[in-house]
$ cat model_19.cif   # mmCIF, C-alpha atoms
data_data
#
loop_
_atom_site.label_atom_id
_atom_site.label_comp_id
_atom_site.auth_asym_id
_atom_site.auth_seq_id
_atom_site.Cartn_x
_atom_site.Cartn_y
_atom_site.Cartn_z
CA MET S 29 21.89 -23.77 -5.52
CA ARG S 30 24.95 -25.86 -6.30
CA LYS S 31 22.79 -28.35 -8.19
CA LEU S 32 21.47 -25.53 -10.34
CA ASP S 33 24.97 -24.17 -10.86
CA ARG S 34 26.09 -27.52 -12.27
CA LEU S 35 23.50 -27.40 -15.05
CA GLY S 36 24.59 -26.05 -18.41
CA TRP S 37 23.88 -22.34 -18.94
CA ALA S 38 24.11 -20.77 -22.38
CA GLU S 39 24.45 -17.17 -21.31
CA ALA S 40 23.70 -14.73 -18.52
CA ILE S 41 22.99 -11.04 -18.17
CA THR S 42 23.60 -8.86 -15.12
CA PHE S 43 21.69 -5.64 -14.69
CA GLU S 44 20.78 -3.01 -12.15
CA SER S 45 17.31 -1.65 -11.55
CA PHE S 46 16.59 1.13 -9.02
CA GLY S 47 19.90 0.40 -7.30
CA VAL S 48 19.31 -3.35 -7.02
CA ARG S 49 21.49 -5.79 -8.93
CA PHE S 50 20.14 -8.96 -10.59
CA ARG S 51 21.44 -11.72 -12.84
CA VAL S 52 19.45 -13.86 -15.24
CA ARG S 53 20.80 -17.02 -16.81
CA ALA S 54 19.13 -19.37 -19.25
CA ASP S 55 19.91 -22.59 -21.05
CA ASP S 56 18.90 -21.02 -24.34
CA ALA S 57 20.14 -17.78 -25.93
CA ALA S 58 16.77 -17.00 -27.56
CA ALA S 59 14.97 -17.31 -24.22
CA LEU S 60 17.53 -15.04 -22.59
CA ALA S 61 17.01 -12.43 -25.30
CA ARG S 62 13.27 -12.58 -24.63
CA LEU S 63 13.82 -12.25 -20.88
CA ALA S 64 16.09 -9.25 -21.45
CA GLY S 65 13.16 -7.50 -23.10
CA LEU S 66 11.10 -7.85 -19.92
CA LEU S 67 13.36 -5.95 -17.55
CA PRO S 68 11.78 -3.09 -15.57
CA PRO S 69 11.96 0.45 -16.97
CA GLY S 70 15.24 2.17 -16.17
CA SER S 71 17.27 -1.05 -15.96
CA SER S 72 20.86 -0.81 -17.09
CA PRO S 73 23.64 -3.38 -17.65
CA ALA S 74 25.88 -3.95 -14.64
CA PRO S 75 29.25 -5.63 -14.23
CA CYS S 76 29.35 -9.19 -12.93
CA GLY S 77 29.67 -9.54 -9.18
CA GLU S 78 27.39 -9.90 -6.17
CA VAL S 79 23.70 -9.79 -7.02
CA GLU S 80 20.60 -9.49 -4.87
CA ARG S 81 18.75 -12.17 -6.79
CA LEU S 82 19.73 -14.73 -9.41
CA TYR S 83 17.10 -15.98 -11.84
CA SER S 84 17.68 -19.32 -13.59
CA VAL S 85 15.50 -20.30 -16.53
CA ARG S 86 15.35 -23.79 -18.04
CA THR S 87 13.36 -23.93 -21.23
CA GLY S 88 13.84 -27.67 -21.56
CA GLY S 89 14.76 -27.73 -25.23
CA GLU S 90 12.69 -29.37 -27.97
CA ALA S 91 9.70 -31.45 -26.87
CA ARG S 92 9.99 -35.12 -27.66
CA ARG S 93 7.15 -37.46 -28.36
CA GLY S 94 5.75 -38.96 -25.17
CA LEU S 95 7.90 -36.73 -22.99
CA ARG S 96 6.60 -33.49 -21.46
CA ARG S 97 9.26 -30.86 -21.14
CA PHE S 98 8.49 -28.35 -18.46
CA LYS S 99 9.90 -24.88 -18.42
CA LEU S 100 11.30 -23.92 -15.03
CA LEU S 101 11.98 -20.60 -13.39
CA TYR S 102 14.05 -20.31 -10.23
CA ALA S 103 14.73 -17.23 -8.11
CA ASP S 104 17.95 -18.10 -6.30
CA ASP S 105 17.23 -21.72 -5.32
CA ALA S 106 13.44 -21.40 -5.02
CA LEU S 107 11.24 -22.73 -7.80
CA VAL S 108 8.97 -19.88 -8.92
CA ALA S 109 7.25 -21.47 -11.93
CA ARG S 110 6.97 -24.87 -13.58
CA THR S 111 4.91 -24.73 -16.73
CA ALA S 112 4.57 -26.22 -20.18
CA GLU S 113 3.94 -22.78 -21.69
CA ALA S 114 6.84 -20.45 -22.37
CA GLU S 115 4.58 -17.37 -22.30
CA GLU S 116 3.42 -18.17 -18.80
CA LEU S 117 7.02 -18.55 -17.71
CA PHE S 118 7.92 -15.13 -19.13
CA GLU S 119 4.92 -13.52 -17.39
CA ARG S 120 5.91 -15.07 -14.06
CA PHE S 121 9.49 -13.89 -14.53
CA GLU S 122 8.37 -10.35 -15.26
CA SER S 123 6.00 -10.13 -12.29
CA ASP S 124 8.46 -11.73 -9.84
CA LEU S 125 11.26 -9.45 -10.97
CA GLN S 126 9.07 -6.35 -10.73
CA LEU S 127 8.05 -7.30 -7.21
CA ALA S 128 11.66 -7.91 -6.19
CA VAL S 129 12.67 -4.49 -7.55
CA ALA S 130 9.68 -2.85 -5.89
CA GLU S 131 10.52 -4.36 -2.53
CA SER S 132 14.24 -3.62 -2.53
CA ALA S 133 14.58 -0.41 -4.57
CA ARG S 134 17.07 1.99 -3.01
CA GLY S 135 15.69 5.39 -2.05
CA ARG S 136 12.29 4.76 -3.60
CA VAL S 137 8.95 3.56 -2.27
CA PHE S 138 6.88 1.54 -4.72
CA VAL S 139 3.12 1.72 -4.28
CA HIS S 140 0.87 -0.49 -6.38
CA ALA S 141 -1.03 2.17 -8.33
CA GLY S 142 -1.84 3.59 -11.72
CA VAL S 143 -0.30 7.02 -12.24
CA VAL S 144 -0.92 9.81 -14.73
CA GLY S 145 0.27 13.39 -14.94
CA TRP S 146 -2.19 16.25 -15.27
CA ARG S 147 -1.27 19.93 -15.38
CA GLY S 148 1.99 19.56 -13.52
CA ARG S 149 0.68 17.25 -10.78
CA ALA S 150 0.33 13.50 -10.54
CA VAL S 151 -2.91 11.57 -10.03
CA LEU S 152 -2.47 8.27 -8.18
CA LEU S 153 -4.93 5.37 -8.40
CA PRO S 154 -3.82 2.89 -5.75
CA GLY S 155 -5.18 -0.64 -5.97
CA ARG S 156 -4.18 -4.23 -6.32
CA SER S 157 -4.31 -6.46 -9.36
CA PHE S 158 -7.78 -6.78 -10.94
CA ALA S 159 -8.91 -3.56 -9.19
CA GLY S 160 -9.31 -1.79 -12.55
CA LYS S 161 -6.24 0.44 -12.40
CA THR S 162 -5.25 -0.13 -16.01
CA THR S 163 -8.77 0.54 -17.31
CA LEU S 164 -8.99 3.84 -15.44
CA THR S 165 -5.42 4.80 -16.35
CA ALA S 166 -6.17 4.16 -20.04
CA GLU S 167 -9.31 6.29 -19.81
CA LEU S 168 -7.33 9.14 -18.24
CA LEU S 169 -4.82 8.90 -21.10
CA ARG S 170 -7.67 9.14 -23.62
CA ALA S 171 -8.74 12.31 -21.84
CA GLY S 172 -5.29 13.85 -22.37
CA ALA S 173 -3.29 12.92 -19.26
CA SER S 174 0.37 11.92 -19.57
CA TYR S 175 1.42 8.36 -18.79
CA TYR S 176 3.52 7.46 -15.74
CA SER S 177 2.54 3.87 -14.95
CA ASP S 178 -0.31 1.40 -14.74
CA GLU S 179 1.52 -0.67 -12.15
CA PHE S 180 3.60 1.30 -9.65
CA ALA S 181 3.81 4.79 -8.25
CA VAL S 182 7.55 5.17 -7.70
CA LEU S 183 7.92 7.73 -4.92
CA ASP S 184 11.10 9.47 -3.87
CA ALA S 185 11.92 10.77 -0.37
CA ARG S 186 10.32 14.13 -1.22
CA GLY S 187 7.05 12.43 -2.06
CA ARG S 188 7.36 13.06 -5.81
CA VAL S 189 6.33 10.36 -8.25
CA HIS S 190 8.68 9.17 -11.01
CA PRO S 191 7.75 7.56 -14.33
CA TYR S 192 7.64 3.77 -14.46
CA ALA S 193 6.53 3.73 -18.02
CA LYS S 194 6.17 0.22 -19.30
CA PRO S 195 3.42 -0.69 -21.76
CA LEU S 196 -0.03 -0.97 -20.19
CA ALA S 197 -0.97 -4.55 -19.27
CA VAL S 198 -4.53 -4.86 -20.54
CA ARG S 199 -6.41 -7.96 -19.40
CA VAL S 200 -7.83 -10.15 -22.13
CA GLU S 201 -9.96 -13.28 -21.94
CA GLY S 202 -8.59 -16.00 -19.72
CA GLY S 203 -6.94 -13.50 -17.39
CA ARG S 204 -3.85 -13.14 -19.57
CA GLN S 205 -2.36 -9.75 -20.33
CA ARG S 206 -1.81 -7.91 -23.60
CA LYS S 207 0.83 -5.21 -23.69
CA VAL S 208 -0.41 -1.95 -25.19
CA ALA S 209 1.72 1.13 -25.82
CA PRO S 210 0.33 4.21 -24.04
CA GLY S 211 0.30 6.02 -27.37
CA GLU S 212 -2.57 3.77 -28.49
CA PHE S 213 -4.74 5.52 -25.90
CA GLY S 214 -3.53 8.92 -27.03
CA GLY S 215 -1.47 9.44 -23.92
CA CYS S 216 1.78 11.34 -24.11
CA ALA S 217 4.94 10.21 -22.35
CA ALA S 218 5.80 11.39 -18.86
CA CYS S 219 8.67 13.79 -18.39
CA GLY S 220 10.34 13.90 -15.00
CA PRO S 221 9.07 13.57 -11.45
CA LEU S 222 5.86 15.25 -10.33
CA PRO S 223 4.40 16.18 -6.94
CA VAL S 224 1.24 14.24 -6.14
CA GLY S 225 -1.90 16.35 -6.41
CA LEU S 226 -4.67 13.79 -6.13
CA VAL S 227 -5.03 10.22 -4.83
CA VAL S 228 -8.20 8.38 -5.81
CA VAL S 229 -9.05 5.19 -3.94
CA SER S 230 -11.83 3.55 -5.93
CA GLU S 231 -13.23 0.16 -6.70
CA PHE S 232 -15.38 -0.83 -9.65
CA ARG S 233 -19.05 -1.40 -8.92
CA GLU S 234 -21.47 -2.15 -11.73
CA GLY S 235 -23.72 0.83 -12.41
CA ALA S 236 -22.26 3.02 -9.66
CA ARG S 237 -22.03 6.77 -10.13
CA PHE S 238 -18.69 8.19 -9.14
CA ARG S 239 -19.35 10.43 -6.17
CA PRO S 240 -16.20 10.21 -4.10
CA ARG S 241 -15.84 11.70 -0.65
CA VAL S 242 -12.75 13.38 0.69
CA LEU S 243 -10.56 11.27 2.95
CA SER S 244 -8.44 12.76 5.70
CA LYS S 245 -4.71 12.82 5.03
CA GLY S 246 -4.17 10.15 7.67
CA LEU S 247 -6.74 7.75 6.23
CA GLY S 248 -5.52 8.51 2.71
CA SER S 249 -1.97 7.67 3.72
CA LEU S 250 -3.22 4.44 5.25
CA ALA S 251 -4.90 3.55 1.94
CA LEU S 252 -1.57 4.11 0.18
CA LEU S 253 0.27 2.06 2.78
CA ALA S 254 -2.13 -0.84 2.14
CA ASN S 255 -0.65 -0.94 -1.37
CA ALA S 256 2.97 -0.13 -0.53
CA ILE S 257 5.26 -3.00 -1.50
CA PRO S 258 8.05 -2.34 1.07
CA ALA S 259 5.63 -1.55 3.94
CA ARG S 260 6.94 -4.34 6.13
CA ARG S 261 10.57 -4.14 5.11
CA ARG S 262 11.05 -0.36 5.52
CA PRO S 263 8.06 0.98 7.48
CA ALA S 264 9.80 4.15 8.70
CA ALA S 265 10.82 5.19 5.17
CA VAL S 266 7.37 4.31 3.85
CA LEU S 267 5.54 6.36 6.51
CA GLU S 268 7.85 9.32 5.96
CA THR S 269 7.40 9.19 2.18
CA LEU S 270 3.62 8.83 2.40
CA ALA S 271 3.45 11.74 4.83
CA ARG S 272 5.34 13.86 2.27
CA VAL S 273 2.85 12.80 -0.39
CA ALA S 274 -0.04 13.65 1.93
CA ASP S 275 1.32 17.15 2.57
CA GLY S 276 0.37 18.31 -0.89
CA ALA S 277 -2.29 15.84 -1.99
CA THR S 278 -6.06 15.55 -1.79
CA PHE S 279 -7.46 12.06 -1.13
CA LEU S 280 -10.76 10.81 -2.52
CA ARG S 281 -12.55 7.50 -2.01
CA GLY S 282 -15.60 6.08 -3.73
CA ALA S 283 -17.03 3.35 -5.90
CA ARG S 284 -16.92 3.94 -9.63
CA GLY S 285 -18.94 2.55 -12.49
CA GLU S 286 -17.93 3.46 -16.02
CA ALA S 287 -14.26 4.38 -16.24
CA ALA S 288 -14.94 7.22 -18.69
CA GLU S 289 -17.24 9.04 -16.24
CA ALA S 290 -14.81 8.54 -13.36
CA ALA S 291 -11.88 9.76 -15.48
CA ARG S 292 -13.77 12.93 -16.42
CA ARG S 293 -14.61 13.66 -12.76
CA ILE S 294 -11.06 12.93 -11.64
CA LEU S 295 -9.56 15.35 -14.11
CA GLU S 296 -12.13 18.02 -13.21
CA THR S 297 -11.14 17.64 -9.55
CA ALA S 298 -7.43 17.63 -10.37
CA SER S 299 -7.68 20.81 -12.44
CA MET B 14 0.47 4.75 58.79
CA ARG B 15 -0.75 2.96 55.71
CA LYS B 16 0.36 4.40 52.41
CA ARG B 17 -2.40 4.89 49.88
CA MET B 18 -1.69 3.03 46.61
CA VAL B 19 -1.71 5.40 43.69
CA GLU B 20 -2.99 3.91 40.44
CA PRO B 21 -0.61 4.93 37.63
CA GLY B 22 -2.14 6.89 34.83
CA PRO B 23 -2.25 5.57 31.26
CA LEU B 24 1.15 5.48 29.56
CA ALA B 25 1.58 5.68 25.79
CA ARG B 26 3.68 2.81 24.45
CA ALA B 27 6.85 4.00 22.75
CA GLU B 28 8.86 0.85 22.02
CA GLY B 29 8.46 -0.99 18.76
CA LEU B 30 6.46 1.78 17.11
CA VAL B 31 7.18 4.10 14.22
CA VAL B 32 5.18 7.29 14.68
CA ARG B 33 4.54 10.07 12.17
CA GLU B 34 2.42 13.13 12.88
CA LEU B 35 0.23 14.26 10.01
CA GLY B 36 -1.55 17.49 10.73
CA GLY B 37 -3.70 16.65 13.75
CA GLU B 38 -3.72 12.94 12.96
CA VAL B 39 -1.03 10.43 13.82
CA LEU B 40 0.15 7.46 11.77
CA VAL B 41 1.61 4.60 13.77
CA TYR B 42 3.32 1.44 12.55
CA ASP B 43 3.64 -1.44 15.01
CA LEU B 44 6.86 -3.27 14.17
CA GLY B 45 5.78 -6.34 16.14
CA THR B 46 2.38 -6.97 14.58
CA HIS B 47 2.96 -5.15 11.26
CA THR B 48 -0.19 -3.18 11.89
CA ALA B 49 -0.53 0.38 10.62
CA LEU B 50 -2.88 2.67 12.50
CA CYS B 51 -4.33 6.09 11.93
CA LEU B 52 -5.40 8.02 15.03
CA ASN B 53 -7.80 10.83 14.34
CA ALA B 54 -7.18 14.18 16.00
CA ALA B 55 -9.21 13.30 19.11
CA ALA B 56 -7.52 9.95 19.72
CA ALA B 57 -4.11 11.45 18.95
CA ALA B 58 -4.67 14.28 21.46
CA VAL B 59 -5.49 11.79 24.23
CA TRP B 60 -2.55 9.54 23.30
CA ARG B 61 -0.09 12.44 23.47
CA LEU B 62 -1.19 13.15 27.04
CA CYS B 63 -0.72 9.58 28.25
CA ASP B 64 2.49 10.14 30.20
CA GLY B 65 1.85 7.65 33.01
CA ARG B 66 1.24 10.39 35.56
CA ARG B 67 -1.98 12.00 34.39
CA THR B 68 -5.23 10.24 35.18
CA ALA B 69 -8.18 10.19 32.78
CA ALA B 70 -9.66 13.14 34.67
CA ASP B 71 -6.36 15.05 34.31
CA ILE B 72 -6.29 14.31 30.59
CA ALA B 73 -9.89 15.50 30.23
CA ARG B 74 -8.97 18.76 32.01
CA ALA B 75 -5.85 19.24 29.86
CA LEU B 76 -7.87 18.67 26.69
CA ALA B 77 -10.57 21.05 27.85
CA ALA B 78 -7.98 23.72 28.57
CA ALA B 79 -6.42 23.27 25.14
CA ALA B 80 -9.75 23.18 23.31
CA GLY B 81 -11.39 25.90 25.36
CA GLY B 82 -14.50 23.81 26.02
CA ASP B 83 -15.85 20.92 28.03
CA VAL B 84 -14.30 17.50 27.61
CA SER B 85 -15.83 14.74 29.70
CA GLU B 86 -13.96 11.91 31.35
CA GLU B 87 -16.13 9.48 29.38
CA PHE B 88 -14.68 10.94 26.19
CA VAL B 89 -11.16 10.18 27.44
CA TRP B 90 -12.13 6.64 28.46
CA LEU B 91 -13.53 5.94 24.99
CA ALA B 92 -10.15 6.91 23.56
CA LEU B 93 -8.14 5.02 26.19
CA GLU B 94 -10.07 1.82 25.63
CA ARG B 95 -9.53 2.01 21.90
CA LEU B 96 -5.84 2.88 22.28
CA GLY B 97 -5.40 0.00 24.72
CA ARG B 98 -7.14 -2.44 22.40
CA GLU B 99 -4.78 -1.48 19.58
CA GLY B 100 -1.71 -1.97 21.78
CA LEU B 101 -0.82 1.72 21.92
CA LEU B 102 -0.67 1.87 25.73
CA ALA B 103 2.07 0.30 27.83
CA ALA B 104 -0.69 -1.52 29.75
CA ARG B 105 -4.41 -1.88 29.22
CA VAL B 106 -6.40 0.48 31.42
CA ARG B 107 -9.61 -0.20 33.29
CA ARG B 108 -12.40 2.24 33.80
CA PRO B 109 -12.93 3.36 37.41
CA SER B 110 -15.74 1.65 39.28
CA PRO B 111 -18.46 4.28 38.63
CA LEU B 112 -17.98 3.79 34.89
CA ALA B 113 -16.99 0.13 34.86
CA CYS B 114 -20.46 -1.22 34.14
CA VAL B 115 -21.46 1.44 31.65
CA SER B 116 -21.78 0.19 28.10
CA ARG B 117 -19.84 1.80 25.28
CA ARG B 118 -23.13 2.95 23.76
CA GLU B 119 -24.12 4.62 27.02
CA MET B 120 -20.67 6.22 27.23
CA MET B 121 -21.13 7.65 23.73
CA ARG B 122 -24.54 8.96 24.72
CA ARG B 123 -23.05 10.68 27.74
CA VAL B 124 -20.25 12.18 25.65
CA GLY B 125 -22.95 14.02 23.77
CA LEU B 126 -23.93 14.60 20.18
CA ALA B 127 -21.64 17.57 19.58
CA ALA B 128 -18.58 15.66 20.74
CA ALA B 129 -19.73 12.58 18.81
CA LEU B 130 -18.80 14.38 15.62
CA ALA B 131 -15.18 14.23 16.75
CA LEU B 132 -15.15 10.98 18.72
CA PRO B 133 -11.76 9.41 19.18
CA ALA B 134 -11.22 6.87 16.40
CA VAL B 135 -8.40 4.55 15.45
CA VAL B 136 -8.36 2.82 12.08
CA ALA B 137 -6.04 -0.15 11.74
CA ILE B 138 -4.88 -2.25 8.81
CA VAL B 139 -2.42 -5.10 8.64
CA ALA B 140 0.47 -4.01 6.44
CA PRO B 141 0.65 -6.17 3.32
CA THR B 142 3.49 -8.46 2.41
CA PRO B 143 4.97 -7.56 -1.01
CA ALA B 144 2.92 -10.30 -2.69
CA GLN B 145 -0.28 -9.19 -0.97
CA ALA B 146 0.31 -5.57 -1.95
CA ALA B 147 0.36 -6.67 -5.55
CA SER B 148 -2.74 -8.81 -5.52
CA LEU B 149 -6.28 -8.93 -4.22
CA LEU B 150 -7.21 -10.93 -1.14
CA GLY B 151 -9.17 -14.15 -1.42
CA SER B 152 -12.39 -15.12 0.33
CA GLY B 153 -12.05 -15.22 4.11
CA ALA B 154 -8.90 -13.11 4.24
CA GLY B 155 -8.75 -10.17 6.64
CA CYS B 156 -9.33 -6.81 4.97
CA SER B 157 -10.24 -3.24 5.75
CA ASP B 158 -12.26 -2.36 2.66
CA GLY B 159 -13.71 -3.85 -0.51
CA ALA B 160 -10.91 -2.60 -2.72
CA GLN B 161 -8.64 -5.21 -1.17
CA CYS B 162 -10.96 -8.15 -1.90
CA GLN B 163 -11.20 -10.23 -5.07
CA SER B 164 -14.96 -10.13 -4.60
CA GLY B 165 -14.91 -6.38 -4.03
CA ILE B 166 -16.91 -6.93 -0.84
CA CYS B 167 -15.50 -6.47 2.64
CA ASN B 168 -17.85 -7.85 5.28
CA GLY B 169 -16.86 -6.91 8.82
CA GLY B 170 -13.14 -7.03 8.11
CA GLN B 171 -13.28 -10.21 6.02
CA CYS B 172 -13.39 -10.67 2.26
CA VAL B 173 -16.62 -12.28 1.05
#

$ encode --input "model_19.cif" --output "structure tokens"
Amino acid sequence: MRKLDRLGWAEAITFESFGVRFRVRADDAAALARLAGLLPPGSSPAPCGEVERLYSVRTGGEARRGLRRFKLLYADDALVARTAEAEELFERFESDLQLAVAESARGRVFVHAGVVGWRGRAVLLPGRSFAGKTTLTAELLRAGASYYSDEFAVLDARGRVHPYAKPLAVRVEGGRQRKVAPGEFGGCAACGPLPVGLVVVSEFREGARFRPRVLSKGLGSLALLANAIPARRRPAAVLETLARVADGATFLRGARGEAAEAARRILETAS
Amino acid sequence: MRKRMVEPGPLARAEGLVVRELGGEVLVYDLGTHTALCLNAAAAAVWRLCDGRRTAADIARALAAAAGGDVSEEFVWLALERLGREGLLAARVRRPSPLACVSRREMMRRVGLAAALALPAVVAIVAPTPAQAASLLGSGAGCSDGAQCQSGICNGGQCV
């Protein structure tokens, strides 16, 4: 860490997100401005002082002929990314920061899931990356649902879900992501926390018809726990929160084919 | 006069577990192995009665009294074996000699078709690390269903 501290740093920002404090420093003001635009929803500036995690970004300056300049990202003293592409560095920063927030958030349990609101209740679509959450979330927005998140269900101690409304990360060729505003899918913005009405555990299967079966509350909670970021760090709080969710929610599981058909069925069930 | 040794009854493990009741089911988190388990109503009912004093026969009688019907000892042993395998008993239990050589399939047959609809079941998953919770598992990794696998296919608890 001391070695890193001795390097020249142009500027730094300190911010708080879900009760967790972070600092980001960079050797270039333009890079820092870009990084500041990638902070999680609900982040706010914080005074300097102790932080949970310090990110250090070296952009390497101008490339010189015959010399490859790598861009480096550190979280505390651990190297997180070493890449020639600035965009890749920014993506890694954003995902690492989101995960750190999700793991350490005070009073909230983050579950990897797409979330929409429908008639005063939330619909959760738990699943990991590449499970098709964003596709199904987008389809639900097209059908008139309100947007909460395509990444995390942020649950409070009462089992209600809060908005985590960042742009949808739509996968494009090469596995990279394109940020799309929820409005492009016709979805309206979320307003306030909602109780969870429906949890749909589904995986994409080519040509499958969506005929989900009802899961027991225990098995449904287990499916949520399999996607809960702080499961190992705060198991008691996670179990308690998921049990609160289960109290008022119905759980469905099944393979889905076309997202549009699944979205229609989901909203029919949630109505 | 020789004292007769009394085999202790099955005892539910309490240390190192986080337990949450959920209707008739029970969610358990094992802090040592980071395994999360869901006990269905039948398994949970047996587990609650494992106080170290009751024998399997006593547990069967207590369940029968609560349910108002017949509950066989084989039914209790099916649950005890599963609970023991998942580390939910203070010590693994062994079936008594008349049942020791009976296969699990035979035990299920003896339990009967009606009871089979509510056989004791325990579903277990390994709780994910933060990084795992945010990504799909690669080929060969342990999983509990296809939604966790990059391939989308879970084959006997392993991603294809």

$ resolve_selection --input "model_19.cif" --expression "the PyMOL selection byres ((chain S) within 6 of (chain B))" --output "VMD selection string"
chain S and resid 156 to 157 231 246 254 to 255 257

$ resolve_selection --input "model_19.cif" --expression "the PyMOL selection byres ((chain S and resi 151) around 8)" --output "PDB file with C-alpha atoms, in the frame of the given file"
ATOM      1  CA  VAL S 143      -0.300   7.020 -12.240  1.00  0.00           C
ATOM      2  CA  VAL S 144      -0.920   9.810 -14.730  1.00  0.00           C
ATOM      3  CA  GLY S 145       0.270  13.390 -14.940  1.00  0.00           C
ATOM      4  CA  TRP S 146      -2.190  16.250 -15.270  1.00  0.00           C
ATOM      5  CA  ARG S 149       0.680  17.250 -10.780  1.00  0.00           C
ATOM      6  CA  ALA S 150       0.330  13.500 -10.540  1.00  0.00           C
ATOM      7  CA  LEU S 152      -2.470   8.270  -8.180  1.00  0.00           C
ATOM      8  CA  LEU S 153      -4.930   5.370  -8.400  1.00  0.00           C
ATOM      9  CA  VAL S 224       1.240  14.240  -6.140  1.00  0.00           C
ATOM     10  CA  GLY S 225      -1.900  16.350  -6.410  1.00  0.00           C
ATOM     11  CA  LEU S 226      -4.670  13.790  -6.130  1.00  0.00           C
ATOM     12  CA  VAL S 227      -5.030  10.220  -4.830  1.00  0.00           C
ATOM     13  CA  VAL S 228      -8.200   8.380  -5.810  1.00  0.00           C
ATOM     14  CA  ALA S 298      -7.430  17.630 -10.370  1.00  0.00           C
TER      15      ALA S 298
END

$ resolve_selection --input "model_19.cif" --expression "the PyMOL selection byres ((chain B and resi 59-76) around 8)" --output "PyMOL selection string"
chain B and resi 21-25+55-58+77-80+84-86+88-90+92-93+96

$ atom_distance --input "model_19.cif" --atom1 "CA of Pro221 (chain S)" --atom2 "CA of Ala287 (chain S)"
25.5 Å

$ closest_residue --input "model_19.cif" --among "S:Ala265, S:Ala40, S:Lys31, S:Leu101" --to "Glu116 (chain S)" --atoms "all atoms listed in the file"
S:Leu101

$ atom_distance --input "model_19.cif" --atom1 "CA of Ala209 (chain S)" --atom2 "CA of Ala61 (chain S)"
20.4 Å

$ residues_around --input "model_19.cif" --residues "region 166-179 of chain S" --least-positions-apart "3" --cutoff "8 Å" --atoms "all atoms listed in the file" --output "VMD selection string"
chain S and resid 140 to 146 161 to 163 190 to 194 196 to 197 210 213 to 218 287 to 288 291 to 292 295

$ atom_distance --input "model_19.cif" --atom1 "CA of Glu268 (chain S)" --atom2 "CA of Glu131 (chain S)"
16.3 Å

$ residues_near_point --input "model_19.cif" --point "(11.5, -24.9, -7.0)" --cutoff "12 Å" --atoms "all atoms listed in the file" --output "PDB file with C-alpha atoms, keeping the file's coordinate frame"
ATOM      1  CA  MET S  29      21.890 -23.770  -5.520  1.00  0.00           C
ATOM      2  CA  LYS S  31      22.790 -28.350  -8.190  1.00  0.00           C
ATOM      3  CA  LEU S  32      21.470 -25.530 -10.340  1.00  0.00           C
ATOM      4  CA  TYR S  83      17.100 -15.980 -11.840  1.00  0.00           C
ATOM      5  CA  SER S  84      17.680 -19.320 -13.590  1.00  0.00           C
ATOM      6  CA  VAL S  85      15.500 -20.300 -16.530  1.00  0.00           C
ATOM      7  CA  ARG S  86      15.350 -23.790 -18.040  1.00  0.00           C
ATOM      8  CA  LYS S  99       9.900 -24.880 -18.420  1.00  0.00           C
ATOM      9  CA  LEU S 100      11.300 -23.920 -15.030  1.00  0.00           C
ATOM     10  CA  LEU S 101      11.980 -20.600 -13.390  1.00  0.00           C
ATOM     11  CA  TYR S 102      14.050 -20.310 -10.230  1.00  0.00           C
ATOM     12  CA  ALA S 103      14.730 -17.230  -8.110  1.00  0.00           C
ATOM     13  CA  ASP S 104      17.950 -18.100  -6.300  1.00  0.00           C
ATOM     14  CA  ASP S 105      17.230 -21.720  -5.320  1.00  0.00           C
ATOM     15  CA  ALA S 106      13.440 -21.400  -5.020  1.00  0.00           C
ATOM     16  CA  LEU S 107      11.240 -22.730  -7.800  1.00  0.00           C
ATOM     17  CA  VAL S 108       8.970 -19.880  -8.920  1.00  0.00           C
ATOM     18  CA  ALA S 109       7.250 -21.470 -11.930  1.00  0.00           C
ATOM     19  CA  ARG S 110       6.970 -24.870 -13.580  1.00  0.00           C
ATOM     20  CA  THR S 111       4.910 -24.730 -16.730  1.00  0.00           C
TER      21      THR S 111
END

$ closest_residue --input "model_19.cif" --among "S:Gly88, S:Val189, S:Glu44, S:Asp124" --to "Cys219 (chain S)" --atoms "all atoms listed in the file"
S:Val189

$ axis_aligned_box --input "model_19.cif" --around "region 51-56 of chain B" --padding-each-side "5 Å" --output "JSON"
{"center_x": -6.8, "center_y": 10.1, "center_z": 15.8, "size_x": 14.9, "size_y": 18.1, "size_z": 17.8}

$ build_atoms --input "model_19.cif" --residues "region 62-68 of chain B" --atoms "N, CA and C atoms" --output "mmCIF file, in the frame of the given file"
data_model
loop_
_atom_site.group_PDB
_atom_site.id
_atom_site.type_symbol
_atom_site.label_atom_id
_atom_site.label_comp_id
_atom_site.auth_asym_id
_atom_site.auth_seq_id
_atom_site.Cartn_x
_atom_site.Cartn_y
_atom_site.Cartn_z
ATOM 1 N N LEU B 62 -1.161 12.767 25.616
ATOM 2 C CA LEU B 62 -1.190 13.150 27.040
ATOM 3 C C LEU B 62 -1.014 11.948 27.986
ATOM 4 N N CYS B 63 -0.876 10.773 27.412
ATOM 5 C CA CYS B 63 -0.720 9.580 28.250
ATOM 6 C C CYS B 63 0.746 9.447 28.676
ATOM 7 N N ASP B 64 1.089 10.137 29.759
ATOM 8 C CA ASP B 64 2.490 10.140 30.200
ATOM 9 C C ASP B 64 2.717 9.273 31.431
ATOM 10 N N GLY B 65 1.698 8.534 31.858
ATOM 11 C CA GLY B 65 1.850 7.650 33.010
ATOM 12 C C GLY B 65 1.561 8.345 34.330
ATOM 13 N N ARG B 66 1.502 9.645 34.321
ATOM 14 C CA ARG B 66 1.240 10.390 35.560
ATOM 15 C C ARG B 66 -0.204 10.921 35.573
ATOM 16 N N ARG B 67 -0.625 11.433 34.436
ATOM 17 C CA ARG B 67 -1.980 12.000 34.390
ATOM 18 C C ARG B 67 -3.025 10.891 34.451
ATOM 19 N N THR B 68 -4.079 11.156 35.173
ATOM 20 C CA THR B 68 -5.230 10.240 35.180
ATOM 21 C C THR B 68 -6.165 10.645 34.026
#
